[in-house]
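Source file: start-v2.csv (CSV, C-alpha atoms)
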```csv
chain,number,residue,atom,x,y,z
W,1,MET,CA,-77.7,72.5,24.1
W,2,ARG,CA,-76.0,69.8,26.2
W,3,LEU,CA,-79.0,67.5,25.6
W,4,ILE,CA,-78.5,67.9,21.8
W,5,ALA,CA,-74.8,66.9,22.1
W,6,ILE,CA,-75.7,63.9,24.3
W,7,GLY,CA,-78.5,62.9,21.9
W,8,VAL,CA,-76.0,63.0,18.9
W,9,ALA,CA,-73.4,61.0,20.8
W,10,ALA,CA,-76.1,58.4,21.9
W,11,GLY,CA,-77.4,58.1,18.3
W,12,PHE,CA,-73.8,57.6,17.0
W,13,PHE,CA,-73.1,54.8,19.6
W,14,GLY,CA,-76.5,53.3,19.1
W,15,ALA,CA,-76.3,53.0,15.3
W,16,LEU,CA,-72.6,52.0,15.3
W,17,PHE,CA,-73.1,49.1,17.8
W,18,GLY,CA,-76.8,48.2,17.5
W,19,VAL,CA,-77.4,49.1,21.2
W,20,GLY,CA,-79.6,51.8,22.6
W,21,GLY,CA,-76.9,54.3,23.7
W,22,GLY,CA,-77.9,54.2,27.3
W,23,ILE,CA,-74.2,53.5,28.2
W,24,VAL,CA,-73.4,57.1,27.1
W,25,MET,CA,-76.7,58.7,27.9
W,26,VAL,CA,-77.2,57.7,31.5
W,27,PRO,CA,-73.8,58.8,32.9
W,28,LEU,CA,-73.9,62.1,30.8
W,29,LEU,CA,-77.4,63.0,32.0
W,30,ILE,CA,-76.3,62.6,35.6
W,31,ILE,CA,-72.9,64.3,35.3
W,32,ALA,CA,-73.5,67.0,32.6
W,33,VAL,CA,-77.2,67.8,33.1
W,34,GLY,CA,-77.6,67.1,36.8
W,35,PHE,CA,-80.3,64.4,36.6
W,36,SER,CA,-80.6,62.0,39.4
W,37,GLN,CA,-80.3,58.3,38.7
W,38,ARG,CA,-84.0,57.3,38.3
W,39,PRO,CA,-85.0,60.1,35.9
W,40,ALA,CA,-81.8,59.7,34.0
W,41,MET,CA,-82.5,56.0,33.4
W,42,ALA,CA,-86.1,56.5,32.6
W,43,THR,CA,-85.5,59.5,30.2
W,44,SER,CA,-82.7,57.6,28.5
W,45,LEU,CA,-85.1,54.6,28.0
W,46,ALA,CA,-87.6,56.9,26.2
W,47,ALA,CA,-84.9,58.5,24.1
W,48,ILE,CA,-83.5,55.0,23.2
W,49,GLY,CA,-86.9,54.2,21.8
W,50,LEU,CA,-86.6,57.1,19.3
W,51,ILE,CA,-82.9,56.3,18.6
W,52,ALA,CA,-83.6,52.6,18.0
W,53,LEU,CA,-86.5,53.5,15.7
W,54,GLU,CA,-84.2,55.9,13.7
W,55,GLY,CA,-81.6,53.2,13.5
W,56,VAL,CA,-84.1,50.6,12.3
W,57,ILE,CA,-85.2,53.0,9.5
W,58,PHE,CA,-81.6,53.6,8.5
W,59,TYR,CA,-80.7,49.9,8.4
W,60,ALA,CA,-83.9,48.9,6.7
W,61,ALA,CA,-82.9,51.2,3.9
W,62,TYR,CA,-79.7,49.1,3.5
W,63,GLY,CA,-81.6,45.8,3.8
W,64,ASP,CA,-79.7,44.7,6.9
W,65,LEU,CA,-82.7,43.9,9.2
W,66,LYS,CA,-83.8,40.4,10.0
W,67,PRO,CA,-87.3,40.8,11.4
W,68,VAL,CA,-87.9,37.2,12.3
W,69,GLU,CA,-84.7,37.0,14.4
W,70,ALA,CA,-85.5,40.3,16.0
W,71,ALA,CA,-88.9,39.0,17.1
W,72,VAL,CA,-87.4,35.7,18.3
W,73,VAL,CA,-85.1,37.5,20.8
W,74,GLY,CA,-86.9,40.8,21.3
W,75,VAL,CA,-90.4,39.6,22.3
W,76,PRO,CA,-89.3,37.2,25.0
W,77,ALA,CA,-86.9,39.9,26.3
W,78,ALA,CA,-89.8,42.4,26.8
W,79,PHE,CA,-91.4,39.9,29.2
W,80,GLY,CA,-88.0,39.1,30.8
W,81,ALA,CA,-87.4,42.8,31.4
W,82,ILE,CA,-90.7,43.1,33.4
W,83,ALA,CA,-89.5,40.2,35.6
W,84,GLY,CA,-86.0,41.6,35.9
W,85,THR,CA,-87.2,45.0,37.0
W,86,ALA,CA,-89.5,43.4,39.6
W,87,LEU,CA,-86.7,41.2,40.9
W,88,GLN,CA,-84.2,44.1,41.0
W,89,GLN,CA,-85.2,45.4,44.5
W,90,ARG,CA,-84.8,42.0,46.1
W,91,LEU,CA,-82.1,40.2,44.1
W,92,ALA,CA,-79.6,42.7,42.7
W,93,ASN,CA,-76.5,42.6,44.9
W,94,ARG,CA,-72.8,43.1,44.5
W,95,THR,CA,-71.9,39.5,43.9
W,96,LEU,CA,-74.5,39.1,41.2
W,97,SER,CA,-73.4,42.4,39.5
W,98,LEU,CA,-69.8,41.3,39.5
W,99,GLY,CA,-70.8,37.9,38.0
W,100,PHE,CA,-72.7,39.6,35.3
W,101,ALA,CA,-69.8,41.9,34.6
W,102,CYS,CA,-67.5,38.9,34.3
W,103,LEU,CA,-69.9,37.3,31.8
W,104,LEU,CA,-69.9,40.5,29.6
W,105,ALA,CA,-66.1,40.8,29.9
W,106,ALA,CA,-65.7,37.1,28.8
W,107,VAL,CA,-67.8,37.6,25.7
W,108,GLY,CA,-66.0,40.9,25.0
W,109,VAL,CA,-62.6,39.2,25.2
W,110,LYS,CA,-63.8,36.4,22.9
W,111,LEU,CA,-64.9,39.0,20.4
W,112,LEU,CA,-61.5,40.7,20.6
W,113,LEU,CA,-59.5,37.5,20.0
N,1,MET,CA,-83.4,24.2,18.0
N,2,GLU,CA,-81.4,27.4,17.5
N,3,TYR,CA,-84.6,29.3,17.6
N,4,ALA,CA,-85.6,27.7,20.9
N,5,LEU,CA,-82.2,28.6,22.4
N,6,ALA,CA,-82.5,32.2,21.0
N,7,VAL,CA,-86.0,32.6,22.6
N,8,LEU,CA,-84.6,31.4,25.9
N,9,LEU,CA,-81.6,33.7,25.7
N,10,GLY,CA,-83.9,36.6,24.7
N,11,LEU,CA,-85.9,36.0,27.9
N,12,VAL,CA,-82.7,35.8,29.9
N,13,ALA,CA,-81.4,39.0,28.2
N,14,GLY,CA,-84.5,40.8,29.2
N,15,VAL,CA,-84.3,39.6,32.9
N,16,LEU,CA,-80.6,40.6,33.1
N,17,ALA,CA,-81.3,44.0,31.4
N,18,GLY,CA,-84.1,44.7,33.9
N,19,LEU,CA,-82.0,43.5,36.8
N,20,PHE,CA,-78.8,45.4,36.0
N,21,GLY,CA,-80.3,48.5,34.3
N,22,VAL,CA,-78.5,47.9,31.0
N,23,GLY,CA,-80.0,47.8,27.5
N,24,GLY,CA,-80.9,44.5,25.9
N,25,GLY,CA,-78.7,45.3,22.9
N,26,ILE,CA,-75.5,44.4,24.6
N,27,LEU,CA,-76.9,40.8,25.0
N,28,PHE,CA,-78.9,40.7,21.8
N,29,VAL,CA,-76.0,41.2,19.5
N,30,PRO,CA,-73.9,38.2,20.7
N,31,THR,CA,-77.1,36.0,20.8
N,32,LEU,CA,-77.8,36.9,17.2
N,33,THR,CA,-74.2,36.3,16.0
N,34,PHE,CA,-73.3,33.2,18.1
N,35,VAL,CA,-76.7,31.4,18.3
N,36,LEU,CA,-78.5,32.4,15.1
N,37,GLY,CA,-75.3,32.9,13.0
N,38,LEU,CA,-76.0,36.4,11.8
N,39,GLU,CA,-73.1,38.6,10.5
N,40,GLN,CA,-72.0,41.3,13.0
N,41,LEU,CA,-73.6,44.2,10.9
N,42,HIS,CA,-76.9,42.3,10.5
N,43,ALA,CA,-76.9,41.4,14.2
N,44,GLN,CA,-76.4,45.0,15.2
N,45,ALA,CA,-79.1,46.3,12.8
N,46,THR,CA,-81.5,43.6,14.0
N,47,SER,CA,-80.7,44.3,17.6
N,48,LEU,CA,-82.1,47.8,17.2
N,49,LEU,CA,-85.4,46.3,16.1
N,50,ALA,CA,-85.3,43.7,18.9
N,51,ILE,CA,-84.8,46.5,21.5
N,52,LEU,CA,-88.1,48.2,20.7
N,53,PRO,CA,-90.6,45.9,22.5
N,54,THR,CA,-88.5,46.1,25.7
N,55,VAL,CA,-88.1,49.8,25.5
N,56,VAL,CA,-91.8,50.5,24.8
N,57,VAL,CA,-92.8,48.3,27.8
N,58,GLY,CA,-90.1,49.8,30.0
N,59,THR,CA,-91.0,53.4,29.1
N,60,TRP,CA,-94.7,52.8,29.7
N,61,ARG,CA,-93.9,51.5,33.2
N,62,GLN,CA,-91.5,54.3,34.0
N,63,ARG,CA,-94.0,57.0,32.9
N,64,ARG,CA,-96.4,55.7,35.5
N,65,TYR,CA,-93.8,56.4,38.1
N,66,GLY,CA,-93.3,59.9,36.7
N,67,ASN,CA,-89.6,59.4,36.1
N,68,VAL,CA,-89.6,60.2,32.3
N,69,ARG,CA,-88.7,63.8,31.5
N,70,SER,CA,-90.6,63.9,28.1
N,71,ARG,CA,-89.2,67.1,26.7
N,72,ALA,CA,-85.6,66.0,27.4
N,73,ALA,CA,-86.3,62.6,25.9
N,74,LEU,CA,-87.7,64.2,22.8
N,75,VAL,CA,-84.7,66.5,22.4
N,76,LEU,CA,-82.3,63.6,22.9
N,77,GLY,CA,-84.2,61.4,20.4
N,78,VAL,CA,-84.5,64.1,17.7
N,79,ALA,CA,-80.8,65.1,18.1
N,80,GLY,CA,-80.0,61.4,17.8
N,81,VAL,CA,-80.8,61.4,14.1
N,82,ALA,CA,-77.5,63.1,13.3
N,83,GLY,CA,-75.6,60.6,15.3
N,84,VAL,CA,-77.5,57.6,13.9
N,85,LEU,CA,-76.7,58.7,10.3
N,86,ALA,CA,-72.9,59.1,11.2
N,87,GLY,CA,-72.7,55.9,13.3
N,88,GLY,CA,-74.7,53.9,10.7
N,89,GLN,CA,-72.6,55.1,7.8
N,90,LEU,CA,-69.4,54.1,9.8
N,91,ALA,CA,-70.8,50.6,10.6
N,92,GLU,CA,-71.7,50.1,6.9
N,93,THR,CA,-68.1,50.9,5.8
N,94,LEU,CA,-66.2,49.1,8.6
N,95,PRO,CA,-65.2,45.5,7.9
N,96,GLU,CA,-66.8,42.6,9.8
N,97,HIS,CA,-63.7,41.9,12.0
N,98,ALA,CA,-63.3,45.6,13.0
N,99,LEU,CA,-67.0,45.8,14.0
N,100,ARG,CA,-66.6,42.6,16.1
N,101,ARG,CA,-63.6,44.0,17.9
N,102,LEU,CA,-65.2,47.4,18.5
N,103,PHE,CA,-68.2,45.6,20.0
N,104,GLY,CA,-65.9,43.5,22.2
N,105,ILE,CA,-64.4,46.7,23.6
N,106,LEU,CA,-67.9,48.1,24.2
N,107,MET,CA,-68.8,44.9,26.2
N,108,LEU,CA,-65.7,45.4,28.3
N,109,ALA,CA,-66.7,49.1,28.9
N,110,VAL,CA,-70.2,48.1,30.0
N,111,ALA,CA,-68.7,45.4,32.3
N,112,ALA,CA,-66.4,48.1,33.8
N,113,GLN,CA,-69.4,50.4,34.3
N,114,ILE,CA,-71.4,47.7,36.1
N,115,VAL,CA,-68.4,47.0,38.4
N,116,TRP,CA,-68.0,50.7,39.1
N,117,ARG,CA,-71.7,51.1,39.9
N,118,SER,CA,-71.8,48.1,42.2
N,119,LEU,CA,-68.7,49.1,44.1
N,120,ARG,CA,-69.9,52.6,44.9
N,121,PRO,CA,-70.7,53.0,48.6
N,122,GLN,CA,-74.4,53.6,48.3
N,123,ARG,CA,-76.2,51.5,45.7
N,124,VAL,CA,-78.8,53.5,43.8
N,125,ALA,CA,-81.6,51.5,42.2
N,126,PRO,CA,-82.5,52.6,38.7
```
Whole structure given in structure tokens:
Amino acid sequence: MRLIAIGVAAGFFGALFGVGGGIVMVPLLIIAVGFSQRPAMATSLAAIGLIALEGVIFYAAYGDLKPVEAAVVGVPAAFGAIAGTALQQRLANRTLSLGFACLLAAVGVKLLL
Amino acid sequence: MEYALAVLLGLVAGVLAGLFGVGGGILFVPTLTFVLGLEQLHAQATSLLAILPTVVVGTWRQRRYGNVRSRAALVLGVAGVAGVLAGGQLAETLPEHALRRLFGILMLAVAAQIVWRSLRPQRVAP
């Protein structure tokens, strides 16, 4: 029952913002369902695949998809993600995380202004 | 030239997503609007398509580690249909500037989540 509610919330966020919905799913799976961090992230990833696919079908019906642009950023990103996940154990530290958070916050503020 | 930059930023987005355990979408949408000049709605729709290759590769790797709870993922994904319909309808009706602002707030929320995770005493790798 909780999973259904989380799935609906993730789908709503995902379609509204064009993101996977991991930002709502991962914390909720940990807090409300009692998953530990790794299974929560991995399960969320698999669910994001389904949610993104549903969103793609929805927006395709409205003619909002740009397949060429999607491939231009999406295909290199898949390779980048493999490298990023491998680097994670060695490289991710507090300074880097805070730097990345600052970058996101800066773009966020730019969008708000 | 814009496409070369977008390919580079796509690669960087993937590395950062893997490194910090966030989805690619949060970085795809600004890349699509600022670099390739897409409207916010088109960028968000296109981002969902761009996410798929990363998610498929990531899920395949995580399955090998036995971290994916398949039944739970299926329930989440199927229940997601209702949310997708509601969220998609809302995105279709909201004006461009409202969508941009909402996305800006989302980026600040993700930034806050990363700060919170990195400041917790024991760092848990995803």
Could you pull the residues within 10 Å of Pro30 in chain N, counting all atoms listed in the file, minus those fewer than 2 positions along the same chain, as a PyMOL selection string? (chain W and resi 107-108+111) or (chain N and resi 25-28+32-38+40+43-44+47+100+103-104)
With C-alpha atoms retained, write the just-selected residues as a PDB file, in the coordinates of the input.
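Listed below is the output, out-v2.pdb:
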```
ATOM      1  CA  VAL W 107     -67.800  37.600  25.700  1.00  0.00           C
ATOM      2  CA  GLY W 108     -66.000  40.900  25.000  1.00  0.00           C
ATOM      3  CA  LEU W 111     -64.900  39.000  20.400  1.00  0.00           C
TER       4      LEU W 111
ATOM      5  CA  GLY N  25     -78.700  45.300  22.900  1.00  0.00           C
ATOM      6  CA  ILE N  26     -75.500  44.400  24.600  1.00  0.00           C
ATOM      7  CA  LEU N  27     -76.900  40.800  25.000  1.00  0.00           C
ATOM      8  CA  PHE N  28     -78.900  40.700  21.800  1.00  0.00           C
ATOM      9  CA  LEU N  32     -77.800  36.900  17.200  1.00  0.00           C
ATOM     10  CA  THR N  33     -74.200  36.300  16.000  1.00  0.00           C
ATOM     11  CA  PHE N  34     -73.300  33.200  18.100  1.00  0.00           C
ATOM     12  CA  VAL N  35     -76.700  31.400  18.300  1.00  0.00           C
ATOM     13  CA  LEU N  36     -78.500  32.400  15.100  1.00  0.00           C
ATOM     14  CA  GLY N  37     -75.300  32.900  13.000  1.00  0.00           C
ATOM     15  CA  LEU N  38     -76.000  36.400  11.800  1.00  0.00           C
ATOM     16  CA  GLN N  40     -72.000  41.300  13.000  1.00  0.00           C
ATOM     17  CA  ALA N  43     -76.900  41.400  14.200  1.00  0.00           C
ATOM     18  CA  GLN N  44     -76.400  45.000  15.200  1.00  0.00           C
ATOM     19  CA  SER N  47     -80.700  44.300  17.600  1.00  0.00           C
ATOM     20  CA  ARG N 100     -66.600  42.600  16.100  1.00  0.00           C
ATOM     21  CA  PHE N 103     -68.200  45.600  20.000  1.00  0.00           C
ATOM     22  CA  GLY N 104     -65.900  43.500  22.200  1.00  0.00           C
TER      23      GLY N 104
END
```
Set the distance at 8 Å and use all atoms listed in the file: which residues neighbour range 84-98 of chain N once local chain neighbours fewer than 2 positions away are removed? I'd like the list as a ChimeraX atom specification. /W:8,11-17,51,54-55,58-59 /N:39-41,80-82,100-102
Please measure the separation of CA of Ala72 in chain N and CA of Leu87 in chain W, giving the value in Å to one decimal. 28.3 Å
Check every residue of chain W for an atom within 6 Å of chain N, counting all atoms listed in the file, and provide those that qualify as a VMD selection string. chain W and resid 3 to 4 7 to 9 11 to 12 15 to 19 38 to 39 42 to 43 46 to 47 49 to 52 56 59 64 to 66 70 72 to 74 76 to 78 80 to 81 83 to 85 88 94 98 101 104 to 105 108 111 to 112
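The gap separating CA of Ser44 in chain W from CA of Gly21 in chain W is 8.2 Å, in Å to one decimal.
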Pairwise distance for CA of Glu69 in chain W and CA of Leu45 in chain W, rounded to one decimal in Å: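 Result for CA of Glu69 in chain W versus CA of Leu45 in chain W: 22.2 Å, one decimal.
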Write out as number ranges by chain each polymer residue whose atoms come within 12 Å of Ile30 in chain W, counting only C-alpha atoms; drop sequence neighbours fewer than 2 positions from it. W: 2-3, 6, 22-28, 32-44
